[in-house]
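> Here you go, entry29.txt (compact mmCIF, C-alpha atoms):
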# COMPACT_ATOMS: atom_id res chain seq x y z
CA TYR A 1315 0.00 0.00 0.00
CA CYS A 1316 1.44 3.40 -1.03
CA PRO A 1317 -0.25 6.42 0.60
CA THR A 1318 -1.14 9.26 -1.61
CA LEU A 1319 0.16 12.79 -1.18
CA ALA A 1320 -3.13 13.99 0.29
CA GLU A 1321 -3.04 11.28 2.95
CA VAL A 1322 0.53 12.21 3.91
CA VAL A 1323 -0.39 15.87 4.33
CA LYS A 1324 -3.46 14.94 6.34
CA ASN A 1325 -1.48 12.68 8.70
CA CYS A 1326 1.19 15.35 9.26
CA TRP A 1327 -1.46 17.95 10.00
CA THR A 1328 -3.21 15.63 12.48
CA ILE A 1329 0.03 14.92 14.36
CA GLU A 1330 0.87 18.62 14.55
CA VAL A 1331 -2.54 19.50 15.94
CA GLU A 1332 -2.28 16.78 18.58
CA HIS A 1333 1.12 18.08 19.67
CA ILE A 1334 -0.24 21.62 20.04
CA VAL A 1335 -3.23 20.41 22.06
CA LYS A 1336 -1.00 18.37 24.38
CA MET A 1337 1.33 21.32 24.91
CA MET A 1338 -1.55 23.62 25.85
CA ALA A 1339 -2.96 21.01 28.23
CA SER A 1340 0.42 20.55 29.88
CA GLN A 1341 0.90 24.29 30.47
CA ALA A 1342 -2.65 24.68 31.78
CA GLY A 1343 -2.34 21.76 34.20
CA GLY A 1344 1.00 22.89 35.62
CA GLY A 1345 2.13 19.32 36.21
CA SER A 1346 5.09 17.45 34.87
CA GLN A 1347 3.20 14.29 33.93
CA ASP A 1348 3.50 12.92 30.46
CA LEU A 1349 0.27 13.28 28.56
CA GLY A 1350 0.31 10.45 26.13
CA GLY A 1351 4.08 10.10 26.10
CA ASP A 1352 4.40 11.73 22.69
CA PHE A 1353 4.91 15.33 23.94
CA PRO A 1354 7.57 15.99 26.59
CA PRO A 1355 6.62 17.98 29.69
CA ASN A 1356 7.46 21.67 30.01
CA PRO A 1357 11.11 21.73 31.07
CA PHE A 1358 10.74 25.07 32.87
CA ARG A 1359 7.73 23.91 34.85
CA GLU A 1360 9.61 20.78 35.75
CA GLY A 1361 12.67 22.73 36.85
CA GLY A 1362 10.59 24.87 39.15
CA VAL A 1363 10.65 28.10 37.14
CA ALA A 1364 7.60 29.91 38.42
CA ASP A 1365 7.64 33.39 36.91
CA ALA A 1366 8.80 35.36 33.95
CA ASP A 1367 11.92 36.73 35.65
CA GLU A 1368 13.22 33.23 36.37
CA PHE A 1369 12.39 32.24 32.82
CA TYR A 1370 14.53 35.05 31.48
CA ASP A 1371 17.33 34.21 33.92
CA HIS A 1372 17.20 30.58 32.81
CA ALA A 1373 17.24 31.62 29.18
CA LEU A 1374 20.19 34.02 29.66
CA GLY A 1375 22.30 31.88 31.98
CA ASP A 1376 22.65 30.81 35.54
CA ASP A 1377 24.22 34.08 36.68
CA GLY A 1378 21.27 36.11 35.44
CA GLY A 1379 23.55 38.40 33.39
CA THR A 1380 22.85 39.88 30.03
CA ASP A 1381 24.20 38.55 26.82
CA ALA A 1382 26.30 40.71 24.56
CA SER A 1383 23.49 40.84 22.03
CA SER A 1384 20.84 41.74 24.58
CA GLY A 1385 19.32 45.13 24.91
CA GLN A 1386 17.75 45.96 28.25
CA ASP A 1387 18.03 43.75 31.36
CA GLY A 1388 16.46 40.36 30.86
CA PHE A 1389 15.40 40.89 27.27
CA VAL A 1390 16.94 39.00 24.37
CA PRO A 1391 16.01 40.79 21.17
CA ASN A 1392 15.96 39.07 17.84
CA ALA A 1393 17.91 40.27 14.87
CA HIS A 1394 15.29 42.87 13.92
CA ASP A 1395 15.08 44.22 17.49
CA ALA A 1396 18.86 44.35 17.77
CA SER A 1397 19.18 46.42 14.63
CA PHE A 1398 16.36 48.69 15.80
CA ALA A 1399 18.05 49.18 19.18
CA ALA A 1400 21.34 49.95 17.49
CA GLN A 1401 19.68 52.56 15.30
CA ALA A 1402 17.91 54.09 18.30
CA SER A 1403 21.13 54.31 20.30
CA LEU A 1404 22.91 55.80 17.30
CA GLN A 1405 20.18 58.39 16.81
CA GLY A 1406 20.23 59.20 20.52
CA SER A 1407 23.98 59.73 20.48
CA ILE A 1408 23.80 62.12 17.50
CA GLN A 1409 22.47 65.43 18.73
CA PRO A 1410 21.23 68.12 16.31
CA PRO A 1411 23.70 70.91 15.81
CA ALA A 1412 23.22 73.81 18.19
CA PRO A 1413 22.24 77.13 16.61
CA PRO A 1414 25.10 79.55 16.22
CA ALA A 1415 25.50 81.91 19.11
CA GLN A 1416 24.26 85.40 18.38
CA PRO A 1417 26.88 88.09 18.90
CA PRO A 1418 25.95 90.51 21.66
CA GLN A 1419 24.27 93.61 20.29
CA GLU A 1420 26.11 96.81 20.96
CA PRO A 1421 24.03 99.60 22.54
CA GLN A 1422 22.96 102.27 20.10
CA THR A 1423 24.58 105.65 20.36
CA ARG A 1424 22.50 108.81 20.58
CA TRP A 1425 23.34 109.63 17.01
CA GLN A 1426 22.05 106.22 15.85
CA MET A 1427 18.86 106.69 17.87
CA LEU A 1428 18.39 110.14 16.32
CA MET A 1429 18.90 108.77 12.81
CA GLY A 1430 16.38 106.00 13.59
CA CYS A 1431 13.80 108.59 14.59
CA MET A 1432 14.45 110.52 11.38
CA SER A 1433 13.99 107.48 9.12
CA MET A 1434 11.25 107.50 6.51
CA GLU A 1435 9.39 104.63 8.18
CA ASN A 1436 8.98 106.61 11.40
CA LEU A 1437 8.17 109.91 9.69
CA ARG A 1438 5.60 108.45 7.30
CA SER A 1439 2.85 108.26 9.92
CA TYR A 1440 3.20 112.00 10.69
CA PHE A 1441 2.36 112.91 7.09
CA ASP A 1442 -0.65 110.59 6.79
CA VAL A 1443 -3.28 113.35 6.64
CA ASP A 1444 -5.50 114.63 3.86
CA THR A 1445 -6.84 118.05 2.92
CA SER A 1446 -9.94 117.77 5.10
CA ASP A 1447 -7.82 116.95 8.17
CA VAL A 1448 -5.56 119.96 7.64
CA ARG A 1449 -8.56 122.22 7.03
CA LYS A 1450 -10.22 121.09 10.28
CA ARG A 1451 -7.02 121.70 12.21
CA ILE A 1452 -6.57 125.17 10.75
CA ILE A 1453 -10.13 126.06 11.76
CA GLY A 1454 -9.70 124.37 15.14
CA SER A 1455 -6.60 126.45 15.91
CA VAL A 1456 -8.96 129.46 16.13
CA THR A 1457 -12.16 127.91 17.50
CA TYR A 1458 -10.37 126.01 20.31
CA VAL A 1459 -8.00 128.84 21.20
CA ASN A 1460 -9.53 129.29 24.69
CA SER A 1461 -10.47 125.66 25.38
CA PRO A 1462 -8.28 123.89 27.96
CA GLY A 1463 -6.73 121.02 26.03
CA GLY A 1464 -9.45 121.25 23.40
CA PHE A 1465 -7.13 121.48 20.43
CA ARG A 1466 -5.05 118.50 21.61
CA TYR A 1467 -7.99 116.23 22.38
CA HIS A 1468 -10.62 117.17 19.81
CA VAL A 1469 -8.50 118.27 16.86
CA LEU A 1470 -5.13 116.52 17.12
CA GLY A 1471 -6.72 113.37 18.55
CA VAL A 1472 -4.33 113.03 21.51
CA ASN A 1473 -5.58 110.29 23.89
CA ALA A 1474 -8.63 109.87 21.65
CA PRO A 1475 -9.98 106.48 20.47
CA ALA A 1476 -8.54 105.20 17.21
CA LEU A 1477 -11.96 105.17 15.53
CA VAL A 1478 -14.86 107.59 15.91
CA GLU A 1479 -18.31 107.52 14.37
CA THR A 1480 -19.14 110.35 12.04
CA GLU A 1481 -22.47 111.05 10.40
CA SER A 1482 -22.54 110.25 6.73
CA PRO A 1483 -23.61 113.10 4.40
CA SER A 1484 -25.87 110.72 2.52
CA ALA A 1485 -29.64 110.82 2.89
CA SER A 1486 -29.73 107.45 4.67
CA ASN A 1487 -28.17 109.00 7.81
CA THR A 1488 -25.92 106.01 8.25
CA THR A 1489 -22.76 106.27 10.30
CA GLN A 1490 -19.29 105.43 9.16
CA THR A 1491 -16.03 105.04 11.04
CA LYS A 1492 -13.01 107.14 10.23
CA LYS A 1493 -9.55 106.88 11.71
CA VAL A 1494 -8.55 109.90 13.74
CA PRO A 1495 -5.02 110.98 12.74
CA GLY A 1496 -2.74 112.03 15.54
CA PRO A 1497 -0.35 114.99 15.60
CA ASP A 1498 1.13 115.59 12.17
CA LEU A 1499 4.05 117.42 10.61
CA TYR A 1500 2.49 118.01 7.20
CA GLY A 1501 0.16 120.81 8.27
CA PRO A 1502 2.69 122.75 10.40
CA PHE A 1503 5.26 122.62 7.58
CA TRP A 1504 2.92 124.08 4.96
CA VAL A 1505 1.39 126.61 7.35
CA THR A 1506 4.88 127.87 8.16
CA LEU A 1507 6.00 127.92 4.54
CA THR A 1508 2.87 129.78 3.46
CA LEU A 1509 3.35 132.38 6.17
CA VAL A 1510 6.99 132.84 5.11
CA PHE A 1511 5.94 133.87 1.60
CA LEU A 1512 3.08 136.04 2.87
CA VAL A 1513 5.36 137.96 5.22
CA ALA A 1514 8.07 138.31 2.58
CA VAL A 1515 5.60 139.67 0.02
CA THR A 1516 3.58 141.92 2.31
CA SER A 1517 6.67 143.37 3.97
CA ASN A 1518 8.04 144.45 0.58
CA MET A 1519 4.63 145.81 -0.42
CA SER A 1520 4.46 147.72 2.85
CA VAL A 1521 7.79 149.38 2.07
CA TYR A 1522 6.46 150.36 -1.34
CA LEU A 1523 3.26 151.84 0.10
CA HIS A 1524 5.18 153.86 2.71
CA SER A 1525 7.77 155.27 0.34
CA ASP A 1526 7.60 158.69 -1.29
CA SER A 1527 9.87 157.82 -4.23
CA LYS A 1528 8.24 154.87 -5.99
CA SER A 1529 11.01 154.59 -8.55
CA ASP A 1530 13.70 153.74 -5.98
CA ILE A 1531 11.82 150.73 -4.48
CA GLU A 1532 13.35 147.31 -5.14
CA TYR A 1533 12.24 143.93 -3.92
CA ASP A 1534 14.33 142.96 -0.90
CA ILE A 1535 15.07 139.22 -1.08
CA SER A 1536 16.53 139.34 2.41
CA HIS A 1537 12.97 139.50 3.81
CA LEU A 1538 12.39 136.01 2.44
CA ILE A 1539 15.56 134.66 4.03
CA ARG A 1540 14.84 136.28 7.38
CA ALA A 1541 11.22 135.11 7.36
CA THR A 1542 12.32 131.55 6.61
CA SER A 1543 14.79 131.54 9.49
CA ILE A 1544 12.44 133.12 12.02
CA PHE A 1545 9.28 131.15 11.31
CA PHE A 1546 10.89 127.75 10.90
CA PHE A 1547 12.80 128.28 14.12
CA TYR A 1548 9.49 129.13 15.76
CA THR A 1549 7.80 125.99 14.41
CA PHE A 1550 10.59 123.44 14.93
CA GLY A 1551 13.28 125.06 17.08
CA LEU A 1552 11.14 126.33 19.95
CA PRO A 1553 9.26 123.01 20.35
CA GLY A 1554 12.63 121.25 20.51
CA MET A 1555 13.86 123.58 23.25
CA LEU A 1556 10.59 123.22 25.15
CA PHE A 1557 10.66 119.44 24.76
CA LEU A 1558 14.16 119.23 26.25
CA THR A 1559 13.10 121.53 29.09
CA LEU A 1560 10.08 119.35 29.85
CA LYS A 1561 12.22 116.22 29.81
CA CYS A 1562 14.67 117.78 32.25
CA GLY A 1563 11.73 118.73 34.45
CA ALA A 1564 10.25 115.19 34.27
CA VAL A 1565 7.06 116.44 32.62
CA GLN A 1566 5.16 113.61 30.90
CA GLY A 1567 2.42 113.66 28.29
CA LEU A 1568 3.86 116.11 25.74
CA GLY A 1569 5.80 114.70 22.79
CA PHE A 1570 8.00 116.55 20.35
CA VAL A 1571 5.68 116.05 17.36
CA GLU A 1572 2.72 117.20 19.43
CA LEU A 1573 4.55 120.40 20.36
CA VAL A 1574 5.52 121.00 16.72
CA ALA A 1575 1.87 120.62 15.72
CA LEU A 1576 0.79 123.11 18.40
CA TYR A 1577 3.38 125.72 17.42
CA GLY A 1578 2.83 125.18 13.70
CA TYR A 1579 -0.95 125.58 13.77
CA SER A 1580 -0.65 128.50 16.22
CA LEU A 1581 0.71 130.58 13.30
CA VAL A 1582 -2.70 130.60 11.61
CA PRO A 1583 -3.85 133.89 13.28
CA PHE A 1584 -0.92 135.66 11.60
CA PHE A 1585 -2.41 135.11 8.13
CA PRO A 1586 -4.94 137.96 8.31
CA ALA A 1587 -2.47 140.09 10.27
CA THR A 1588 -0.04 140.14 7.33
CA PHE A 1589 -2.68 141.72 5.10
CA LEU A 1590 -3.68 144.23 7.77
CA CYS A 1591 -0.06 145.31 7.96
CA LEU A 1592 -0.37 146.67 4.42
CA MET A 1593 -2.33 149.61 5.76
CA PRO A 1594 -0.30 152.81 6.09
CA TRP A 1595 -0.90 153.23 9.83
CA ALA A 1596 1.50 152.03 12.44
CA ILE A 1597 -1.18 151.55 15.06
CA VAL A 1598 -2.87 149.00 12.82
CA HIS A 1599 0.36 147.04 12.58
CA TRP A 1600 0.80 146.97 16.36
CA ILE A 1601 -2.79 145.92 17.00
CA ALA A 1602 -2.92 143.26 14.26
CA LEU A 1603 0.36 141.66 15.29
CA GLY A 1604 -0.56 141.95 18.99
CA ILE A 1605 -3.90 140.17 18.56
CA SER A 1606 -2.30 137.44 16.46
CA THR A 1607 0.47 136.89 19.01
CA THR A 1608 -2.08 136.75 21.84
CA LEU A 1609 -4.23 134.15 20.08
CA SER A 1610 -1.15 132.10 19.22
CA GLY A 1611 0.13 132.18 22.79
CA MET A 1612 -3.28 131.31 24.24
CA LEU A 1613 -3.55 128.25 22.00
CA ILE A 1614 -0.21 126.94 23.22
CA LEU A 1615 -0.70 127.79 26.89
CA ARG A 1616 -4.20 126.30 27.10
CA ASN A 1617 -2.95 123.01 25.69
CA VAL A 1618 0.39 122.57 27.47
CA SER A 1619 -0.43 124.06 30.87
CA GLY A 1620 -2.51 121.03 31.92
CA PRO A 1621 0.24 118.37 31.65
CA ILE A 1622 2.83 120.80 33.05
CA LEU A 1623 0.74 121.66 36.13
CA GLU A 1624 -0.15 118.00 36.72
CA SER A 1625 3.53 117.12 36.88
CA ASP A 1626 4.14 119.80 39.56
CA PRO A 1627 1.84 119.02 42.51
CA SER A 1628 3.52 121.55 44.80
CA PRO A 1629 1.24 124.45 45.83
CA ALA A 1630 3.76 127.06 44.69
CA HIS A 1631 4.30 125.38 41.30
CA THR A 1632 8.03 125.97 41.51
CA LYS A 1633 8.68 123.84 38.43
CA ALA A 1634 5.68 124.69 36.25
CA GLY A 1635 5.86 128.46 36.78
CA PRO A 1636 9.22 129.07 35.06
CA ILE A 1637 8.26 126.88 32.11
CA LEU A 1638 5.02 128.75 31.51
CA MET A 1639 6.79 132.09 31.90
CA PHE A 1640 9.32 130.94 29.32
CA ILE A 1641 6.53 130.27 26.82
CA VAL A 1642 4.98 133.69 27.43
CA GLY A 1643 8.32 135.46 27.20
CA VAL A 1644 9.20 133.81 23.89
CA HIS A 1645 5.91 135.02 22.39
CA VAL A 1646 6.54 138.58 23.52
CA ILE A 1647 9.98 138.49 21.88
CA PHE A 1648 8.45 136.98 18.76
CA TYR A 1649 5.93 139.84 18.61
CA PHE A 1650 8.62 142.54 18.61
CA VAL A 1651 10.81 140.63 16.15
CA LEU A 1652 7.98 140.56 13.61
CA LYS A 1653 7.18 144.23 14.05
CA PHE A 1654 10.70 145.63 13.83
CA THR A 1655 12.03 143.16 11.25
CA PHE A 1656 9.28 143.28 8.62
CA TYR A 1657 6.82 146.13 9.31
CA HIS A 1658 8.85 148.95 10.78
CA HIS A 1659 9.15 152.07 8.66
CA ARG A 1660 10.52 155.53 9.38
CA LYS A 1661 7.70 157.39 7.69
CA PHE A 1662 4.01 156.41 7.97
Translate this file's structure into structure tokens.

Amino acid sequence: YCPTLAEVVKNCWTIEVEHIVKMMASQAGGGSQDLGGDFPPNPFREGGVADADEFYDHALGDDGGTDASSGQDGFVPNAHDASFAAQASLQGSIQPPAPPAQPPQEPQTRWQMLMGCMSMENLRSYFDVDTSDVRKRIIGSVTYVNSPGGFRYHVLGVNAPALVETESPSASNTTQTKKVPGPDLYGPFWVTLTLVFLVAVTSNMSVYLHSDSKSDIEYDISHLIRATSIFFFYTFGLPGMLFLTLKCGAVQGLGFVELVALYGYSLVPFFPATFLCLMPWAIVHWIALGISTTLSGMLILRNVSGPILESDPSPAHTKAGPILMFIVGVHVIFYFVLKFTFYHHRKF
């Protein structure tokens, strides 16, 4: 009798299944008896190995040490685990390169700080105004002349919210939000430049109107140069001196650009005064320039006196008094400089 291939495979499969069943029964029973004699008892159960730690010690050796190919204590990895452990240890030993150390930054000098303040990026925000903003500020320099802090808060937008609601001119009466620009340099620059040309022209015309010999009159270009020096020093030089004085006196709340805006827009009352100085009467010149200087000084005092007095809580105002007197004294000097430099004539 010659068994077929199918019978051979079936017999092998049956024997294998019986061996597996006997092994499972032997481990479940815990005994060392021979179940059927075909499958040997569990050698570790027979040797008295009761837990996993003893099993690992028995597998690794009697001394319980670790083999050279082992990873952690009591664990014998296969070839795949050994290669994985080697890669992990290699990756752990290789640290990513540290970022290069940044060189210590040197402190900026005062000249570098000044150049940073004069950069185009910093100056751009002070020229971000349109025609309507400048027109409102020119009108506000007259309407808020006697309002304590009114020009700073309501016109320049100092300490005001970034957005305000304004009524739309459309028939629907809807409201729209518009950004309130802060203190600017655009308006003061053009107000000063316009006044320079007005004073230069009207001063030469005043000489012509007060002269007996019309043929000997020539246009004096020096009036233009003097007007440029005087008015631009008033708009930018005096605020710089006042700003340094306030810093030395620890007065907070008044910035340089804010002071420039105050002094620049305070020149608006001198526009009509230049035309009144064309009249051939000296008393008109004194009155027109005096009223303009008074309005200009009131606008500045009513807007800077608040922060200055708040920084000097002493009853005698020992620190605020000299600063305010300095502002008043500069305006008095400015008044006489205008009169005797541009509108003073020997014969009226």
> With all atoms listed in the file as the atoms that count, which of A:Leu1437, A:Met1555, A:Ile1544, A:Ile1452 lies nearest to Ser1580 (chain A)?
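Among A:Leu1437, A:Met1555, A:Ile1544, A:Ile1452, it is A:Ile1452 that comes nearest to Ser1580 (chain A).
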> In terms of the shortest atom-to-atom distance over all atoms listed in the file, which of A:Ile1614, A:Leu1509, A:Leu1568, A:Ala1596 is closest to Gly1464 (chain A)?
A:Ile1614
> Suppose you want the space between CA of Leu1603 (chain A) and CA of Tyr1577 (chain A); what is it in Å?
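Atom-to-atom, CA of Leu1603 (chain A) to CA of Tyr1577 (chain A), that is 16.4 Å.
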> Considering all atoms listed in the file, state which residue in the set A:Ala1602, A:Leu1556, A:Leu1652, A:Ile1535 is at the smallest distance from Met1639 (chain A).
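Using all atoms listed in the file, the shortest distance to Met1639 (chain A) belongs to A:Leu1556.
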> Using all atoms listed in the file, which residue out of A:Phe1503, A:Tyr1440, A:Tyr1533, A:Tyr1522 lies closest to Val1582 (chain A)?
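The closest residue to Val1582 (chain A) is A:Phe1503.
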> Select all residues near (4.4, 144.7, 17.1) (cut-off 7 Å, inclusive, file coordinates), counting all atoms listed in the file, and output them as a ChimeraX atom specification.
/A:1599-1600,1603-1604,1649-1650,1652-1653
> Which value, in Å to one decimal, gives the distance between CA of Pro1594 (chain A) and CA of Ser1536 (chain A)?
21.9 Å
> How many Å lie between CA of Pro1495 (chain A) and CA of Gly1454 (chain A), rounded to one decimal?
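Those two atoms sit 14.4 Å apart.
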> Select, from A:Val1505, A:Ile1597, A:Leu1552, A:Asp1498, the residue with the minimum atom-to-atom distance to His1658 (chain A), counting all atoms listed in the file.
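Answer, going by the shortest atom-to-atom distance: A:Ile1597.
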